[in-house]
Every structure is written in C-alpha cells, then in structure tokens.
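Undergrad: I'm passing along query.txt; it holds compact mmCIF, C-alpha atoms.
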# COMPACT_ATOMS: atom_id res chain seq x y z
CA MET A 3 85.19 203.24 93.74
CA PHE A 4 85.61 199.49 94.15
CA ASP A 5 83.77 197.09 91.91
CA TYR A 6 83.48 194.55 94.74
CA LEU A 7 83.63 194.62 98.51
CA ILE A 8 84.56 191.08 99.59
CA VAL A 9 83.87 190.17 103.20
CA GLY A 10 86.33 187.51 104.37
CA ALA A 11 89.88 186.65 103.32
CA GLY A 12 89.49 182.88 103.52
CA TYR A 13 89.20 180.53 100.55
CA ALA A 14 85.93 181.83 99.11
CA GLY A 15 86.82 185.50 99.41
CA SER A 16 90.43 185.14 98.25
CA VAL A 17 89.62 182.99 95.21
CA LEU A 18 86.95 185.43 94.07
CA ALA A 19 89.21 188.43 94.71
CA GLU A 20 91.95 186.86 92.61
CA ARG A 21 89.64 185.90 89.72
CA LEU A 22 87.81 189.22 89.65
CA ALA A 23 91.06 191.20 89.79
CA ARG A 24 93.25 189.13 87.49
CA VAL A 25 90.75 187.83 84.95
CA ALA A 26 87.94 190.38 84.98
CA GLY A 27 90.10 193.43 85.71
CA LYS A 28 87.91 194.53 88.61
CA LYS A 29 89.00 196.62 91.57
CA VAL A 30 88.41 194.70 94.77
CA LEU A 31 88.51 195.51 98.48
CA VAL A 32 88.88 192.48 100.79
CA VAL A 33 88.14 192.98 104.49
CA ASP A 34 88.51 190.56 107.37
CA ARG A 35 87.88 190.92 111.09
CA ARG A 36 90.92 188.81 111.92
CA ASN A 37 94.49 190.09 111.78
CA HIS A 38 95.50 187.66 109.04
CA ILE A 39 94.45 186.23 105.69
CA ALA A 40 93.70 182.56 104.85
CA GLY A 41 90.76 182.10 107.23
CA ASN A 42 90.90 178.90 109.27
CA ALA A 43 93.65 177.57 106.96
CA TYR A 44 96.06 180.17 108.37
CA ASP A 45 99.47 178.80 109.32
CA HIS A 46 102.52 180.49 110.81
CA TYR A 47 105.87 179.81 112.47
CA ASN A 48 105.53 179.75 116.25
CA ASP A 49 108.11 181.01 118.74
CA ALA A 50 110.10 177.78 118.37
CA GLY A 51 110.21 178.13 114.60
CA VAL A 52 107.79 175.27 113.93
CA LEU A 53 105.17 175.79 111.22
CA VAL A 54 101.74 175.25 112.83
CA HIS A 55 98.10 175.57 111.85
CA ARG A 56 96.48 177.98 114.30
CA TYR A 57 92.98 176.56 113.84
CA GLY A 58 93.74 172.86 113.80
CA PRO A 59 94.93 170.60 110.98
CA HIS A 60 94.10 171.47 107.39
CA ILE A 61 94.88 168.77 104.83
CA PHE A 62 94.26 169.49 101.17
CA HIS A 63 92.70 166.76 99.05
CA THR A 64 90.46 166.79 95.99
CA ASN A 65 89.29 164.75 93.04
CA SER A 66 89.01 167.87 90.89
CA ARG A 67 91.82 168.50 88.43
CA GLU A 68 90.40 171.97 87.79
CA ILE A 69 90.65 172.96 91.45
CA PHE A 70 94.11 171.45 91.89
CA ASP A 71 95.41 173.18 88.75
CA TYR A 72 93.88 176.48 89.83
CA LEU A 73 95.62 176.45 93.22
CA SER A 74 98.85 175.25 91.61
CA GLN A 75 99.22 178.75 90.16
CA PHE A 76 99.96 180.01 93.67
CA THR A 77 101.95 177.23 95.31
CA ALA A 78 104.29 174.33 94.73
CA TRP A 79 103.11 171.16 96.43
CA ARG A 80 104.47 168.54 98.80
CA ALA A 81 102.92 165.10 98.31
CA TYR A 82 101.19 164.01 101.50
CA GLU A 83 98.78 161.19 102.36
CA HIS A 84 97.04 161.66 105.69
CA ARG A 85 96.95 158.85 108.23
CA VAL A 86 95.09 158.71 111.52
CA LEU A 87 95.27 156.40 114.51
CA ALA A 88 92.58 155.96 117.16
CA SER A 89 93.27 155.20 120.81
CA VAL A 90 90.92 152.31 121.59
CA ASP A 91 91.21 149.72 124.37
CA GLY A 92 94.77 150.80 125.12
CA GLN A 93 95.91 150.37 121.54
CA LEU A 94 96.56 152.73 118.65
CA VAL A 95 94.74 151.31 115.62
CA PRO A 96 94.10 152.62 112.08
CA MET A 97 91.15 154.93 111.51
CA PRO A 98 88.99 154.67 109.37
CA ILE A 99 88.35 151.08 110.41
CA ASN A 100 90.05 148.68 108.03
CA LEU A 101 91.30 145.07 107.95
CA ASP A 102 94.31 145.85 110.15
CA THR A 103 92.09 147.64 112.68
CA ILE A 104 89.96 144.54 113.22
CA ASN A 105 92.88 142.12 113.28
CA GLN A 106 94.86 144.23 115.76
CA LEU A 107 91.90 145.04 117.99
CA TYR A 108 90.66 141.46 118.32
CA GLY A 109 93.91 139.55 117.83
CA LEU A 110 92.67 137.96 114.60
CA ASN A 111 94.25 137.14 111.25
CA LEU A 112 91.33 137.70 108.89
CA THR A 113 91.59 138.20 105.14
CA SER A 114 89.68 140.87 103.23
CA MET A 115 86.94 138.38 102.35
CA GLN A 116 86.73 137.16 105.92
CA VAL A 117 86.47 140.66 107.35
CA GLU A 118 83.49 141.30 105.07
CA ASP A 119 81.82 138.32 106.71
CA PHE A 120 82.85 139.66 110.11
CA PHE A 121 81.19 143.01 109.46
CA ALA A 122 78.08 141.28 108.13
CA SER A 123 77.87 139.14 111.27
CA VAL A 124 77.97 142.11 113.67
CA ALA A 125 75.97 144.65 111.62
CA GLU A 126 72.50 145.59 112.88
CA LYS A 127 69.83 145.73 110.23
CA ARG A 128 68.09 149.08 109.82
CA GLU A 129 64.93 149.54 107.77
CA SER A 130 65.94 153.12 107.04
CA ILE A 131 69.11 155.13 107.59
CA ARG A 132 68.14 158.41 109.22
CA THR A 133 70.77 159.15 111.85
CA SER A 134 74.51 158.90 112.31
CA GLU A 135 73.97 155.96 114.64
CA ASP A 136 72.03 154.14 111.94
CA VAL A 137 74.90 154.61 109.48
CA VAL A 138 77.51 153.03 111.74
CA VAL A 139 75.64 150.18 113.41
CA SER A 140 74.22 149.07 110.06
CA LYS A 141 77.79 148.68 108.76
CA VAL A 142 79.95 147.57 111.69
CA GLY A 143 77.62 146.80 114.58
CA ARG A 144 77.10 148.09 118.09
CA GLU A 145 80.48 147.27 119.67
CA LEU A 146 82.63 149.06 117.09
CA TYR A 147 80.14 151.94 117.11
CA GLU A 148 80.69 152.32 120.86
CA LYS A 149 84.47 151.96 120.60
CA PHE A 150 85.13 154.37 117.72
CA PHE A 151 82.17 156.62 117.03
CA ARG A 152 79.75 157.32 119.83
CA GLY A 153 82.09 158.97 122.32
CA TYR A 154 83.95 160.95 119.66
CA THR A 155 80.69 162.20 118.14
CA ARG A 156 79.23 163.19 121.49
CA LYS A 157 82.35 165.22 122.30
CA GLN A 158 82.52 166.76 118.84
CA TRP A 159 78.87 167.73 118.49
CA GLY A 160 77.53 167.80 122.05
CA LEU A 161 74.85 165.40 120.83
CA ASP A 162 74.42 161.66 120.61
CA PRO A 163 74.82 160.19 117.10
CA SER A 164 71.17 159.13 117.28
CA GLU A 165 70.30 162.87 117.26
CA LEU A 166 72.44 163.78 114.25
CA ASP A 167 71.87 163.57 110.53
CA ALA A 168 73.30 160.50 108.81
CA LEU A 169 75.80 162.58 106.83
CA VAL A 170 78.02 163.15 109.89
CA THR A 171 79.34 159.59 110.17
CA ALA A 172 78.69 158.74 106.52
CA ARG A 173 81.81 160.81 105.76
CA VAL A 174 83.98 158.16 107.44
CA PRO A 175 84.29 154.97 105.36
CA THR A 176 84.78 151.39 106.51
CA ARG A 177 87.31 149.37 104.53
CA THR A 178 87.88 145.66 104.07
CA ASN A 179 91.43 146.11 102.76
CA ARG A 180 94.57 147.44 104.46
CA ASP A 181 94.38 150.96 103.01
CA ASN A 182 95.12 153.16 106.02
CA ARG A 183 94.94 156.51 104.22
CA TYR A 184 92.29 158.79 105.67
CA PHE A 185 91.47 160.15 102.21
CA THR A 186 91.52 158.40 98.85
CA ASP A 187 91.22 161.46 96.58
CA SER A 188 93.21 161.66 93.35
CA TYR A 189 95.12 164.76 94.50
CA GLN A 190 96.54 164.77 98.02
CA SER A 191 99.17 167.41 98.70
CA MET A 192 100.15 170.21 101.05
CA PRO A 193 101.33 173.66 99.95
CA ARG A 194 105.11 173.38 100.06
CA HIS A 195 105.57 176.69 101.87
CA GLY A 196 102.32 176.65 103.80
CA PHE A 197 98.75 177.78 103.25
CA THR A 198 99.37 181.40 104.20
CA ARG A 199 102.06 181.78 101.55
CA MET A 200 99.63 180.39 98.97
CA PHE A 201 97.03 182.99 99.98
CA GLU A 202 99.62 185.77 99.86
CA ASN A 203 100.40 184.82 96.27
CA MET A 204 96.70 184.64 95.44
CA LEU A 205 96.03 188.14 96.75
CA ASP A 206 99.17 189.71 95.29
CA HIS A 207 97.60 191.88 92.59
CA PRO A 208 97.46 195.67 92.14
CA ASN A 209 93.67 195.56 91.79
CA ILE A 210 93.28 194.01 95.25
CA LYS A 211 93.31 196.10 98.43
CA LEU A 212 93.30 194.27 101.76
CA MET A 213 92.04 195.58 105.12
CA LEU A 214 92.55 193.35 108.17
CA ASN A 215 91.23 193.92 111.69
CA THR A 216 88.20 195.40 109.95
CA ASP A 217 84.51 194.66 110.31
CA TYR A 218 82.77 195.37 107.01
CA ARG A 219 79.86 196.95 108.87
CA ASP A 220 82.20 199.71 110.06
CA ILE A 221 83.25 200.73 106.55
CA ARG A 222 80.44 199.79 104.16
CA GLU A 223 78.77 203.21 104.44
CA CYS A 224 81.95 205.15 103.73
CA VAL A 225 83.66 202.99 101.10
CA PRO A 226 81.99 203.12 97.68
CA TYR A 227 81.50 199.79 95.92
CA ARG A 228 79.18 198.35 93.31
CA ALA A 229 78.51 194.86 94.69
CA MET A 230 79.35 192.75 97.73
CA ILE A 231 80.56 189.17 98.10
CA TYR A 232 79.81 187.95 101.60
CA THR A 233 81.49 184.85 103.08
CA GLY A 234 80.58 185.27 106.75
CA PRO A 235 77.72 183.73 108.76
CA ILE A 236 74.50 184.26 106.83
CA ASP A 237 72.41 184.76 109.99
CA GLU A 238 74.78 187.47 111.18
CA PHE A 239 74.39 189.37 107.91
CA PHE A 240 70.66 189.62 108.61
CA ASP A 241 71.20 190.52 112.29
CA HIS A 242 69.90 187.11 113.41
CA ARG A 243 66.41 188.07 112.33
CA PHE A 244 65.06 184.54 112.78
CA GLY A 245 67.46 183.52 115.54
CA LYS A 246 71.04 182.25 115.55
CA LEU A 247 72.08 179.27 113.46
CA PRO A 248 73.66 176.69 115.79
CA TYR A 249 77.35 175.86 115.43
CA ARG A 250 79.93 173.85 117.31
CA SER A 251 83.16 175.61 118.09
CA LEU A 252 86.65 174.52 119.11
CA ARG A 253 89.26 175.51 121.64
CA PHE A 254 92.85 174.75 120.66
CA GLY A 255 95.62 173.84 123.08
CA HIS A 256 98.99 174.34 121.38
CA GLU A 257 102.17 172.87 122.86
CA THR A 258 105.79 172.61 121.74
CA HIS A 259 107.95 169.73 122.94
CA ASP A 260 111.72 169.43 123.02
CA VAL A 261 111.72 166.19 121.03
CA PRO A 262 111.78 165.63 117.26
CA VAL A 263 108.68 163.37 117.24
CA TYR A 264 105.79 163.31 119.74
CA GLN A 265 103.40 160.61 118.43
CA PRO A 266 103.43 157.85 115.77
CA ALA A 267 101.01 159.54 113.34
CA ALA A 268 99.92 162.99 112.24
CA VAL A 269 96.65 162.67 114.16
CA VAL A 270 95.62 160.44 117.04
CA ASN A 271 91.91 160.34 117.84
CA TYR A 272 90.66 159.84 121.41
CA PRO A 273 87.05 158.70 121.06
CA ASN A 274 86.52 157.57 124.66
CA ASP A 275 89.21 159.14 126.82
CA HIS A 276 89.92 162.77 127.73
CA ALA A 277 87.97 165.95 127.02
CA TYR A 278 89.78 166.51 123.72
CA THR A 279 88.94 164.65 120.53
CA ARG A 280 92.37 164.45 118.90
CA ILE A 281 96.01 165.50 118.96
CA THR A 282 97.71 166.68 115.76
CA GLU A 283 101.48 166.85 115.25
CA PHE A 284 102.17 169.40 112.53
CA LYS A 285 105.56 168.26 111.25
CA TYR A 286 103.90 165.23 109.66
CA LEU A 287 101.72 167.60 107.62
CA THR A 288 104.38 170.13 106.69
CA GLY A 289 107.42 167.89 106.26
CA GLN A 290 109.46 170.36 108.25
CA THR A 291 112.78 169.22 109.74
CA HIS A 292 113.22 170.63 113.23
CA ALA A 293 114.74 169.52 116.54
CA LYS A 294 111.48 170.34 118.32
CA THR A 295 107.89 169.48 117.49
CA SER A 296 104.53 171.21 118.02
CA ILE A 297 101.14 169.64 118.66
CA VAL A 298 97.59 170.84 119.19
CA TYR A 299 94.76 169.43 121.29
CA GLU A 300 91.19 170.07 120.09
CA PHE A 301 88.45 170.69 122.65
CA PRO A 302 84.96 170.98 121.12
CA GLN A 303 82.68 173.52 122.78
CA ALA A 304 79.34 175.20 122.32
CA GLU A 305 80.53 178.82 122.32
CA GLY A 306 83.19 180.56 120.25
CA ASP A 307 83.98 181.05 116.60
CA PRO A 308 81.60 179.11 114.32
CA TYR A 309 83.27 175.99 112.90
CA TYR A 310 80.77 173.21 112.33
CA PRO A 311 77.13 173.73 111.36
CA ILE A 312 75.07 171.30 113.44
CA PRO A 313 73.31 168.97 110.95
CA GLN A 314 69.77 168.66 112.25
CA ALA A 315 66.54 169.09 110.30
CA GLU A 316 65.38 172.10 112.28
CA ASN A 317 68.67 173.88 111.66
CA GLY A 318 68.38 173.22 107.95
CA ALA A 319 64.90 174.71 107.99
CA LEU A 320 66.16 177.81 109.79
CA TYR A 321 68.94 178.21 107.24
CA GLY A 322 66.33 177.93 104.50
CA ARG A 323 64.63 181.05 105.85
CA TYR A 324 67.90 182.98 105.71
CA LEU A 325 68.61 181.64 102.23
CA ALA A 326 65.28 183.03 101.06
CA LEU A 327 66.30 186.44 102.40
CA ALA A 328 69.67 186.18 100.67
CA GLU A 329 68.05 185.42 97.34
CA GLU A 330 65.96 188.57 97.71
CA THR A 331 68.96 190.79 98.56
CA PRO A 332 70.19 192.61 95.44
CA GLY A 333 73.86 193.34 94.94
CA VAL A 334 75.13 190.72 97.40
CA HIS A 335 76.54 187.27 96.58
CA PHE A 336 76.65 184.75 99.43
CA VAL A 337 79.31 182.04 99.18
CA GLY A 338 81.42 179.79 101.39
CA ARG A 339 81.07 177.56 104.42
CA LEU A 340 79.46 180.06 106.79
CA ALA A 341 77.28 181.76 104.21
CA SER A 342 76.01 178.37 103.02
CA TYR A 343 75.73 176.82 106.51
CA ARG A 344 77.55 173.69 105.32
CA TYR A 345 80.62 171.82 106.39
CA TYR A 346 82.76 172.14 103.28
CA ASN A 347 86.19 170.70 102.65
CA MET A 348 88.69 173.26 101.37
CA ASP A 349 88.40 172.11 97.77
CA GLN A 350 84.62 172.41 97.92
CA VAL A 351 84.88 176.05 98.96
CA VAL A 352 87.31 176.73 96.11
CA GLY A 353 84.92 175.01 93.71
CA ALA A 354 81.96 177.06 94.94
CA ALA A 355 83.95 180.28 94.54
CA LEU A 356 85.05 179.38 90.99
CA THR A 357 81.46 178.53 90.11
CA LEU A 358 80.24 181.89 91.41
CA PHE A 359 82.93 183.69 89.41
CA LYS A 360 81.76 181.97 86.23
CA LYS A 361 78.19 182.97 87.06
CA ILE A 362 79.24 186.59 87.57
CA GLN A 363 81.16 186.57 84.30
CA LYS A 364 78.20 185.08 82.45
CA ALA A 365 75.82 187.70 83.87
CA ALA A 366 78.25 190.48 82.93
CA ALA A 367 78.52 189.17 79.38
CA ALA A 368 74.74 188.97 79.08
CA ALA A 369 74.40 192.57 80.27
CA ALA A 370 77.13 193.93 78.00
CA PRO A 371 76.02 196.30 75.22
CA VAL A 372 75.53 194.65 71.84
CA PRO A 373 77.28 196.37 68.89
CA SER A 374 74.94 197.69 66.21
CA TYR A 375 76.08 198.97 62.85
CA ALA A 376 75.16 202.26 61.20
CA PRO A 377 74.23 201.63 57.55
CA GLY A 378 77.00 202.59 55.17
CA ALA A 379 79.51 203.51 57.87
CA ARG A 380 82.94 202.06 57.15
CA ASN A 381 86.19 202.01 59.01
CA GLY A 382 89.67 201.98 57.55
CA THR A 383 89.49 198.27 56.78
CA GLY A 384 86.31 198.58 54.76
CA ALA A 385 84.26 196.92 57.54
CA ALA A 386 81.22 198.52 59.06
CA THR A 387 82.05 200.76 62.02
CA PRO A 388 80.33 199.53 65.20
CA VAL A 389 78.11 201.92 67.09
CA LEU A 390 77.63 200.68 70.65
CA SER A 391 74.04 200.56 71.71
CA GLY A 392 72.91 200.60 75.28
CA VAL A 393 75.76 202.86 76.47
Can you dump the structure from the file as structure tokens?

TA:
Amino acid sequence: MFDYLIVGAGYAGSVLAERLARVAGKKVLVVDRRNHIAGNAYDHYNDAGVLVHRYGPHIFHTNSREIFDYLSQFTAWRAYEHRVLASVDGQLVPMPINLDTINQLYGLNLTSMQVEDFFASVAEKRESIRTSEDVVVSKVGRELYEKFFRGYTRKQWGLDPSELDALVTARVPTRTNRDNRYFTDSYQSMPRHGFTRMFENMLDHPNIKLMLNTDYRDIRECVPYRAMIYTGPIDEFFDHRFGKLPYRSLRFGHETHDVPVYQPAAVVNYPNDHAYTRITEFKYLTGQTHAKTSIVYEFPQAEGDPYYPIPQAENGALYGRYLALAEETPGVHFVGRLASYRYYNMDQVVGAALTLFKKIQKAAAAAAPVPSYAPGARNGTGAATPVLSGV
C-alpha cells in the first residue's frame, strides 16, 4: 500500500515525493509516461558528449531564499547570468531592450536619462492596457514593437499580440540602463552537474518507488494507494469533459557542430526571420568545456506536447470549469504547470509544491488523534499515561 500515487516526475511531483518520503515518512509511488525523470528540465549527454537540454533551455532563477536553499540540498551550483541577443535589422542587439540596444540599433549615443526621453517620445498612449500589444506600444512605441515583439509573438503563440493577454509581453522588461542580463533575480545559478542529476538526488530515498514509461491510468486500479497527487493536464484528468484546453507546443531541432563556439550568446532570438524563434547554445548554460558544441532550434507549433497555456479570457474561463471539478474531487491534489494551466517558471513550480506539502502536513496534524488522559493513571515518571482517543 502506497500513501501517495504521484503522477509526473517533473518539479512538482519530485518535490512532493521527496518531502512526503523524507519528512513525513510516507511511501510514495511516482509514475511518468516518459522514459526519464525531471520533466521538461531533463538534460543528458548527447552522442558527442555534450550536455544538452532535450526540451529547450532551462535557466534557474529565483528571488526566494527558501526555494534556493531547498534545491541546494540536491545539487551544487554554477553561477550563471543569462544573456540574450536578438537578430534585428541585420544586427545582434541586447534583449530585453536596454540603452545599448537603442544606441546600437539607431547609431546613437544616448545616456540613461536621454533614452527615457526617447521612449517617452515614441510611446503610444493607451487608455487601458488589455493586450500584449498595448503593453509594448505604450512603453516603446510602434517601431520597436514591430522589430522585436510582434513577429516573435506571432510565431510563438500563433496569434497576434493584440489577441493575447497583457501578461505575455509584460514578462519582458524595458531598461534605460546597460544591464543586459535577461533576469535580475537574487539567485541565478545552474545545477553544477545538470538538472537530471539534481532530480536523481531528490528521488533517491527508500520510500520512493519510480515507474517510467507508465501511464497512471493503466495502474491506478491495481496499485493500492491512499491519495493521489496529479501534475498532468487537468483537462486530460477529466477526459476533456468540457473540451480541450488550448496549448502551444514546440518542435526542437538539435544539431552538433565541430567548433567550440557557434554563436556569441547563449540564446539568439529571431523575431522576424526564419520559422524558428530562437537558437540556444548549451555550453553557455552548462559551462562545459568541449571541442564541439550543440545547439537547438525552437519551432512553435499548434500540435504536440503541451508547453504554453494560451492566455486568453475564454481559455481561463474553461480552466475555471475544470478547477471547479478538481475542487470537488476527493483524494486528489492538483499541482504544477499543467494542472494549474499556468506558465510557471521552475522556481514557481517548486514553490507551489512546497506550499502543497505544508498544506498536507497541516491537514494531517489537524486530523491526528488528540491524547486524552485516564484519571489517576501514571507512568513510570509519575506523569499521567496518555490514552489515545480517536484510534
């Protein structure tokens, strides 16, 4: 008998398996349809011996000391600050847009104060910010929107930015200084030996049993368990009762080149050229020294594994109907990116899993039997001998 059946060996499932096994002493079965752990963060050495991320670049960053300290139990870290270039007008310029981007693109020599005035002069006033287009043009104007955002967004989402929720482009800042880091979080590091090794350490506990190449629906009737933690697509759990939740997917084109360095940055975005959105070179991320280098092209597509929930109001409403079903389903906890129909960063998934574990622990403590004391009964220390009630 397992205490928990956990569906999915990505961040949410692995964090909860580790906490429930190591802290709560529970017996846990983790199942995953794929042939590996670590979910989309899975990395491995390819045939050339280069460490690559199978499902595109994963860069860890967080402002949470709790989350960083938690993961530090399972990995040493390599300090890494992510930098991205964008191919625009035949040049490679920093992305997010900053002071150097504007000066290089237009052949100017503006200061930080002057670039603020530049942005103000080209920005289009919006009475309300509803869409991704509104976010960008209200900050940097129409021309920069067309150069950096519109084409990339249309490739990535299959929709024009005017059709997407404001949160899509709100994630990308605009800077008036020369800070060319993609993220500014307090903790920016990569697992020294890769993400998969970190997951292996997380799941290395005698109370955890792992089954890969396994669909939970094939074993849930024959494996006894007390409760389920589900990290897969919430609509799939309910057999798409109200219809499928829309996602964008990705196709990855991996290549290895017989050169030590392929491009001048870890990621180069292609907002207006080519069918792919970006090229990632993994050795920047991993710090690996190797005579060859490996890259990956990302081709967004409508069909395939679910990666990005499409942020539109009607999709949020559909998810709300599934959420109501989930809240009425006893014995099942829903957690993670797919179960929550949200685009989470890695640290956000870890945080959600840790929060759920605390909730489970609190509920268990509240349900635990309260000791009562039989009058006059004494143990060897002279204290009253507890008689457990509710057992």

Undergrad: Could you work out how far atom CA of A:Gly153 lies from atom CA of A:Tyr264, giving the answer in Å with one decimal?

TA: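 That distance, rounded to one decimal, is 24.2 Å.
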
Undergrad: Tell me which of A:Val17, A:Cys224, A:Ile39, A:Ile236 sits closest to A:Ile69, counting all atoms listed in the file.

TA: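 Among the listed residues, the smallest separation from A:Ile69 belongs to A:Val17.
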
Undergrad: Can you list, as a VMD selection string, every protein, DNA or RNA residue that comes within 10 Å of stretch 77-81 of chain A when you count only C-alpha atoms, leaving out same-chain residues fewer than 6 positions away?

TA: chain A and resid 189 to 197 199 to 204 287 to 289

Undergrad: Select all residues near (93.9, 193.8, 110.6) (cut-off 8 Å, inclusive, file coordinates), counting only C-alpha atoms, and output them as a list in words.

TA: Asp34, Arg35, Arg36, Asn37, His38, Met213, Leu214, Asn215 and Thr216 of chain A

Undergrad: Please write the residues from the selection above to a file, keeping C-alpha atoms, as a compact mmCIF listing (two decimals), in the frame of the given file.

TA:
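Written out: result_32.txt:
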# COMPACT_ATOMS: atom_id res chain seq x y z
CA ASP A 34 88.51 190.56 107.37
CA ARG A 35 87.88 190.92 111.09
CA ARG A 36 90.92 188.81 111.92
CA ASN A 37 94.49 190.09 111.78
CA HIS A 38 95.50 187.66 109.04
CA MET A 213 92.04 195.58 105.12
CA LEU A 214 92.55 193.35 108.17
CA ASN A 215 91.23 193.92 111.69
CA THR A 216 88.20 195.40 109.95

Undergrad: Report the distance between atom CA of A:Ala88 and atom CA of A:Arg132 in Å, rounded to one decimal place.

TA: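 According to the coordinates, atom CA of A:Ala88 and atom CA of A:Arg132 are separated by 25.8 Å.
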
Undergrad: Looking at A:Trp159, A:Tyr184, A:Phe76, A:Tyr232, which one is nearest to A:Tyr309, with distances taken over only C-alpha atoms?

TA: A:Trp159

Undergrad: How many Å lie between atom CA of A:Asn179 and atom CA of A:Asn100, rounded to one decimal?

TA: 6.0 Å

Undergrad: Counting all atoms listed in the file, figure out which residue out of A:Tyr13, A:Tyr6, A:Tyr57, A:Phe359 gets nearest to A:Arg339.

TA: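 Under the stated criterion, the closest residue is A:Tyr13.
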
Undergrad: With distances taken over only C-alpha atoms, which residue among A:Val30, A:Met115, A:Ile99, A:Ile8 lies nearest A:Asn209?

TA: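 Residue with the minimum atom-to-atom distance to A:Asn209: A:Val30.
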
Undergrad: Which residue is closest to A:Val261? Choose from A:Tyr278, A:His46, A:Tyr72, A:Ala293 and count all atoms listed in the file.

TA: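 Between A:Tyr278, A:His46, A:Tyr72, A:Ala293, the residue approaching A:Val261 most closely is A:Ala293.
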
Undergrad: Measuring atom to atom with only C-alpha atoms, identify which of A:Asp91, A:Asp49, A:Asp187, A:Glu300 is nearest to A:Ser66.

TA: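 The closest residue to A:Ser66 is A:Asp187.
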
Undergrad: Hey, can I get the axis-aligned box for stretch 70-89 of chain A? All listed atoms, 8 Å padding on each side, centre and edge lengths in Å to one decimal, as JSON.

TA:
{"center_x": 98.5, "center_y": 167.6, "center_z": 104.8, "size_x": 27.9, "size_y": 40.8, "size_z": 48.1}

Undergrad: Env of A:Met348: 10 Å cut, atoms = all atoms listed in the file, seq-sep filter 6 positions within chain, self excluded. Answer as a CSV table (one decimal) with C-alpha atoms, in the coordinates of the input.

TA:
chain,number,residue,atom,x,y,z
A,12,GLY,CA,89.5,182.9,103.5
A,13,TYR,CA,89.2,180.5,100.6
A,14,ALA,CA,85.9,181.8,99.1
A,42,ASN,CA,90.9,178.9,109.3
A,43,ALA,CA,93.6,177.6,107.0
A,60,HIS,CA,94.1,171.5,107.4
A,61,ILE,CA,94.9,168.8,104.8
A,62,PHE,CA,94.3,169.5,101.2
A,63,HIS,CA,92.7,166.8,99.0
A,64,THR,CA,90.5,166.8,96.0
A,338,GLY,CA,81.4,179.8,101.4
A,339,ARG,CA,81.1,177.6,104.4

Undergrad: Please report, as a Markdown table, each residue of stretch 129-198 of chain A lying at most 10 Å from stretch 94-98 of chain A, together with the nearest pair of atoms and the separation in Å rounded to one decimal; use only C-alpha atoms, and order rows by chain and ascending residue number.

TA:
| residue | atom | partner | partner_atom | distance |
| --- | --- | --- | --- | --- |
| A:Phe150 | CA | A:Met97 | CA | 8.7 |
| A:Val174 | CA | A:Pro98 | CA | 6.4 |
| A:Pro175 | CA | A:Pro98 | CA | 6.2 |
| A:Thr176 | CA | A:Pro98 | CA | 6.1 |
| A:Arg177 | CA | A:Pro98 | CA | 7.4 |
| A:Arg180 | CA | A:Pro96 | CA | 9.2 |
| A:Asp181 | CA | A:Pro98 | CA | 9.1 |
| A:Asn182 | CA | A:Pro96 | CA | 6.2 |
| A:Arg183 | CA | A:Pro98 | CA | 8.1 |
| A:Tyr184 | CA | A:Pro98 | CA | 6.4 |
| A:Phe185 | CA | A:Pro98 | CA | 9.4 |

Undergrad: Those selected residues, please, written with C-alpha atoms and delivered as a PDB file, in the coordinates of the input.

TA:
ATOM      1  CA  PHE A 150      85.130 154.370 117.720  1.00  0.00           C
ATOM      2  CA  VAL A 174      83.980 158.160 107.440  1.00  0.00           C
ATOM      3  CA  PRO A 175      84.290 154.970 105.360  1.00  0.00           C
ATOM      4  CA  THR A 176      84.780 151.390 106.510  1.00  0.00           C
ATOM      5  CA  ARG A 177      87.310 149.370 104.530  1.00  0.00           C
ATOM      6  CA  ARG A 180      94.570 147.440 104.460  1.00  0.00           C
ATOM      7  CA  ASP A 181      94.380 150.960 103.010  1.00  0.00           C
ATOM      8  CA  ASN A 182      95.120 153.160 106.020  1.00  0.00           C
ATOM      9  CA  ARG A 183      94.940 156.510 104.220  1.00  0.00           C
ATOM     10  CA  TYR A 184      92.290 158.790 105.670  1.00  0.00           C
ATOM     11  CA  PHE A 185      91.470 160.150 102.210  1.00  0.00           C
TER      12      PHE A 185
END
